[in-house]
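Okay, protein18.txt now, which holds compact mmCIF, C-alpha atoms:
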```txt
# COMPACT_ATOMS: atom_id res chain seq x y z
CA MET A 46 92.02 -136.07 93.44
CA ASN A 47 89.67 -138.90 94.40
CA ARG A 48 85.89 -138.60 94.57
CA PHE A 49 85.90 -138.19 98.35
CA ASP A 50 88.31 -135.26 98.12
CA GLN A 51 86.23 -133.75 95.32
CA ALA A 52 83.08 -133.99 97.42
CA LYS A 53 84.83 -132.37 100.40
CA MET A 54 86.09 -129.58 98.17
CA LEU A 55 82.63 -128.93 96.75
CA LEU A 56 81.16 -128.79 100.26
CA LYS A 57 83.77 -126.22 101.28
CA VAL A 58 83.02 -124.12 98.20
CA LYS A 59 79.28 -124.26 98.89
CA LYS A 60 79.96 -123.17 102.47
CA ILE A 61 81.94 -120.17 101.25
CA GLN A 62 79.15 -119.30 98.82
CA LYS A 63 76.67 -119.28 101.71
CA GLU A 64 79.04 -117.09 103.72
CA LEU A 65 79.25 -114.66 100.80
CA GLN A 66 75.45 -114.45 100.73
CA LYS A 67 75.52 -113.26 104.34
CA GLU A 68 78.42 -110.80 103.93
CA THR A 69 77.43 -107.18 103.35
CA LEU A 70 79.67 -104.37 102.16
CA ILE A 71 78.72 -100.71 102.43
CA ILE A 72 80.09 -98.15 99.99
CA GLU A 73 79.46 -94.42 100.40
CA LYS A 74 80.01 -91.58 97.94
CA GLY A 75 79.52 -87.84 98.15
CA GLU A 76 80.37 -87.68 101.86
CA GLY A 77 77.46 -89.97 102.67
CA ALA A 78 75.04 -88.60 100.09
CA VAL A 79 74.79 -92.05 98.49
CA ARG A 80 75.14 -95.37 100.28
CA VAL A 81 75.08 -98.78 98.58
CA GLU A 82 74.82 -102.07 100.45
CA ILE A 83 75.85 -105.17 98.49
CA THR A 84 76.29 -108.84 99.37
CA GLY A 85 79.38 -110.93 98.76
CA GLU A 86 77.62 -112.44 95.78
CA GLN A 87 77.18 -109.07 94.05
CA LYS A 88 73.50 -108.58 94.89
CA ILE A 89 72.58 -105.04 95.81
CA LYS A 90 70.54 -105.03 99.00
CA LYS A 91 69.86 -101.33 99.40
CA ILE A 92 70.61 -97.92 97.94
CA LYS A 93 70.10 -94.97 100.27
CA ILE A 94 70.20 -91.30 99.32
CA ASP A 95 70.53 -88.73 102.10
CA PRO A 96 68.28 -85.81 101.10
CA GLU A 97 70.08 -83.50 103.50
CA VAL A 98 73.35 -83.91 101.64
CA VAL A 99 72.05 -84.07 98.06
CA ASP A 100 71.54 -80.90 96.06
CA LEU A 101 68.39 -81.59 94.04
CA GLU A 102 69.40 -78.77 91.69
CA ASP A 103 72.44 -80.85 90.65
CA LEU A 104 71.07 -84.25 89.70
CA THR A 105 74.08 -84.87 87.46
CA GLN A 106 76.29 -85.04 90.56
CA LEU A 107 73.85 -87.42 92.26
CA GLU A 108 73.89 -89.67 89.19
CA ARG A 109 77.71 -89.69 89.24
CA TRP A 110 77.76 -90.63 92.91
CA LEU A 111 75.26 -93.42 92.28
CA GLU A 112 77.29 -94.78 89.35
CA GLU A 113 80.53 -94.63 91.34
CA ALA A 114 78.96 -96.21 94.42
CA VAL A 115 77.42 -99.11 92.48
CA ARG A 116 80.59 -99.68 90.45
CA ASP A 117 82.80 -99.60 93.57
CA ALA A 118 80.38 -101.83 95.49
CA ILE A 119 80.40 -104.47 92.75
CA SER A 120 84.18 -104.29 92.49
CA ALA A 121 84.65 -104.62 96.27
CA SER A 122 82.21 -107.54 96.38
CA GLN A 123 84.01 -109.32 93.54
CA LYS A 124 87.35 -108.78 95.25
CA MET A 125 86.05 -110.18 98.53
CA ALA A 126 84.61 -113.25 96.76
CA ALA A 127 87.86 -113.82 94.86
CA GLU A 128 89.91 -113.62 98.06
CA LYS A 129 87.67 -116.17 99.81
CA MET A 130 87.68 -118.51 96.79
CA GLN A 131 91.43 -118.15 96.05
CA PRO A 132 92.51 -121.26 98.02
CA PHE A 133 90.14 -123.41 95.95
CA MET A 134 90.74 -122.05 92.45
CA GLY A 135 93.29 -124.65 91.38
CA ALA A 136 91.26 -127.53 92.77
CA LEU A 137 88.08 -126.28 91.11
CA GLY A 138 89.84 -126.39 87.75
CA ASP A 139 90.65 -130.04 88.39
CA LEU A 140 86.93 -130.65 88.96
CA GLY A 141 86.03 -129.05 85.64
CA LEU A 142 84.39 -125.99 87.25
```
Structure encoded using structure tokens:
Amino acid sequence: MNRFDQAKMLLKVKKIQKELQKETLIIEKGEGAVRVEITGEQKIKKIKIDPEVVDLEDLTQLERWLEEAVRDAISASQKMAAEKMQPFMGALGDLGL
């Protein structure tokens, strides 16, 4: 791969990274009791708890929903990023990245 092709490849990767910054995934647990919004670059934007659905007498359940929602949000975000970056993975190895 010549330098021009490498530069083009890096520009495409940077473009995808910017797209991932703008992408938002929403994961809900507990029938909407907990909602996590995360970007395509695994940055949590917002966590919302619906007080009408949450039983404040059972905080253990709320904690479980939060853990599940954050874990699933991160996993979904990583999967989305991997899918978008898949076409470039071999070429990035050639660039030493």
Handout entry: For Ser120 (chain A), the nearest of the candidates A:Ile92, A:Val58, A:Gln87, A:Thr69, counting all atoms listed in the file
Key = A:Gln87
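CA of Leu70 (chain A) is positioned 7.4 Å from CA of Gly85 (chain A).
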Problem - Protein/DNA/RNA residues near (74.9, -108.0, 104.4), cut 9 Å, all atoms listed in the file, as a list of chain:residue names - result: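 So the residues meeting the distance criterion are A:Leu65, A:Gln66, A:Lys67, A:Glu68, A:Thr69, A:Leu70, A:Ile71, A:Glu82, A:Ile83, A:Thr84, A:Gly85, A:Lys90.
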Practice task
Could you please give me, as a VMD selection string, the residues of protein, DNA or RNA lying at most 9 Å from (71.9, -100.0, 95.5) in the coordinate frame of the file, considering only C-alpha atoms?
Solution key: chain A and resid 79 to 83 88 to 93 111 114 to 115 118
Please produce a file of those selected residues containing C-alpha atoms, as a CSV table (one decimal), in the frame of the given file.
```
chain,number,residue,atom,x,y,z
A,79,VAL,CA,74.8,-92.0,98.5
A,80,ARG,CA,75.1,-95.4,100.3
A,81,VAL,CA,75.1,-98.8,98.6
A,82,GLU,CA,74.8,-102.1,100.4
A,83,ILE,CA,75.8,-105.2,98.5
A,88,LYS,CA,73.5,-108.6,94.9
A,89,ILE,CA,72.6,-105.0,95.8
A,90,LYS,CA,70.5,-105.0,99.0
A,91,LYS,CA,69.9,-101.3,99.4
A,92,ILE,CA,70.6,-97.9,97.9
A,93,LYS,CA,70.1,-95.0,100.3
A,111,LEU,CA,75.3,-93.4,92.3
A,114,ALA,CA,79.0,-96.2,94.4
A,115,VAL,CA,77.4,-99.1,92.5
A,118,ALA,CA,80.4,-101.8,95.5
```
Problem - Which of A:Lys60, A:Arg48, A:Lys74, A:Lys53 sits closest to Val99 (chain A) [using all atoms listed in the file] - result: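 Ranked by minimum distance to Val99 (chain A), first place goes to A:Lys74.
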Handout entry: Residue nearest Glu113 (chain A) among A:Ile72, A:Phe49, A:Leu55, A:Met130 (counting all atoms listed in the file)
Key =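 Ranking A:Ile72, A:Phe49, A:Leu55, A:Met130 by distance to Glu113 (chain A), first place goes to A:Ile72.
Among the candidates A:Asp103, A:Glu73, A:Pro132, A:Ile61, the one nearest to Asp117 (chain A) when counting only C-alpha atoms is A:Glu73.
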Practice task
May I ask which of the residues A:Gly77, A:Ala126, A:Leu101, A:Glu112 is the closest one to Lys63 (chain A), counting only C-alpha atoms?
Solution key: A:Ala126
Problem - Pick from A:Glu76, A:Glu86, A:Glu64, A:Glu128 nearest to Val98 (chain A), counting all atoms listed in the file - result: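 Distance minimum relative to Val98 (chain A) lands on A:Glu76.
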Handout entry: d(CA of Ile94 (chain A), CA of Ala78 (chain A)) in Å
Key =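 Value for the CA of Ile94 (chain A)-CA of Ala78 (chain A) distance: 5.6 Å.
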Exercise for the section: Work out how far CA of Lys57 (chain A) is from CA of Gln131 (chain A), in Å to one decimal. Expected result: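 Calculated distance between CA of Gln131 (chain A) and CA of Lys57 (chain A) is 12.3 Å.
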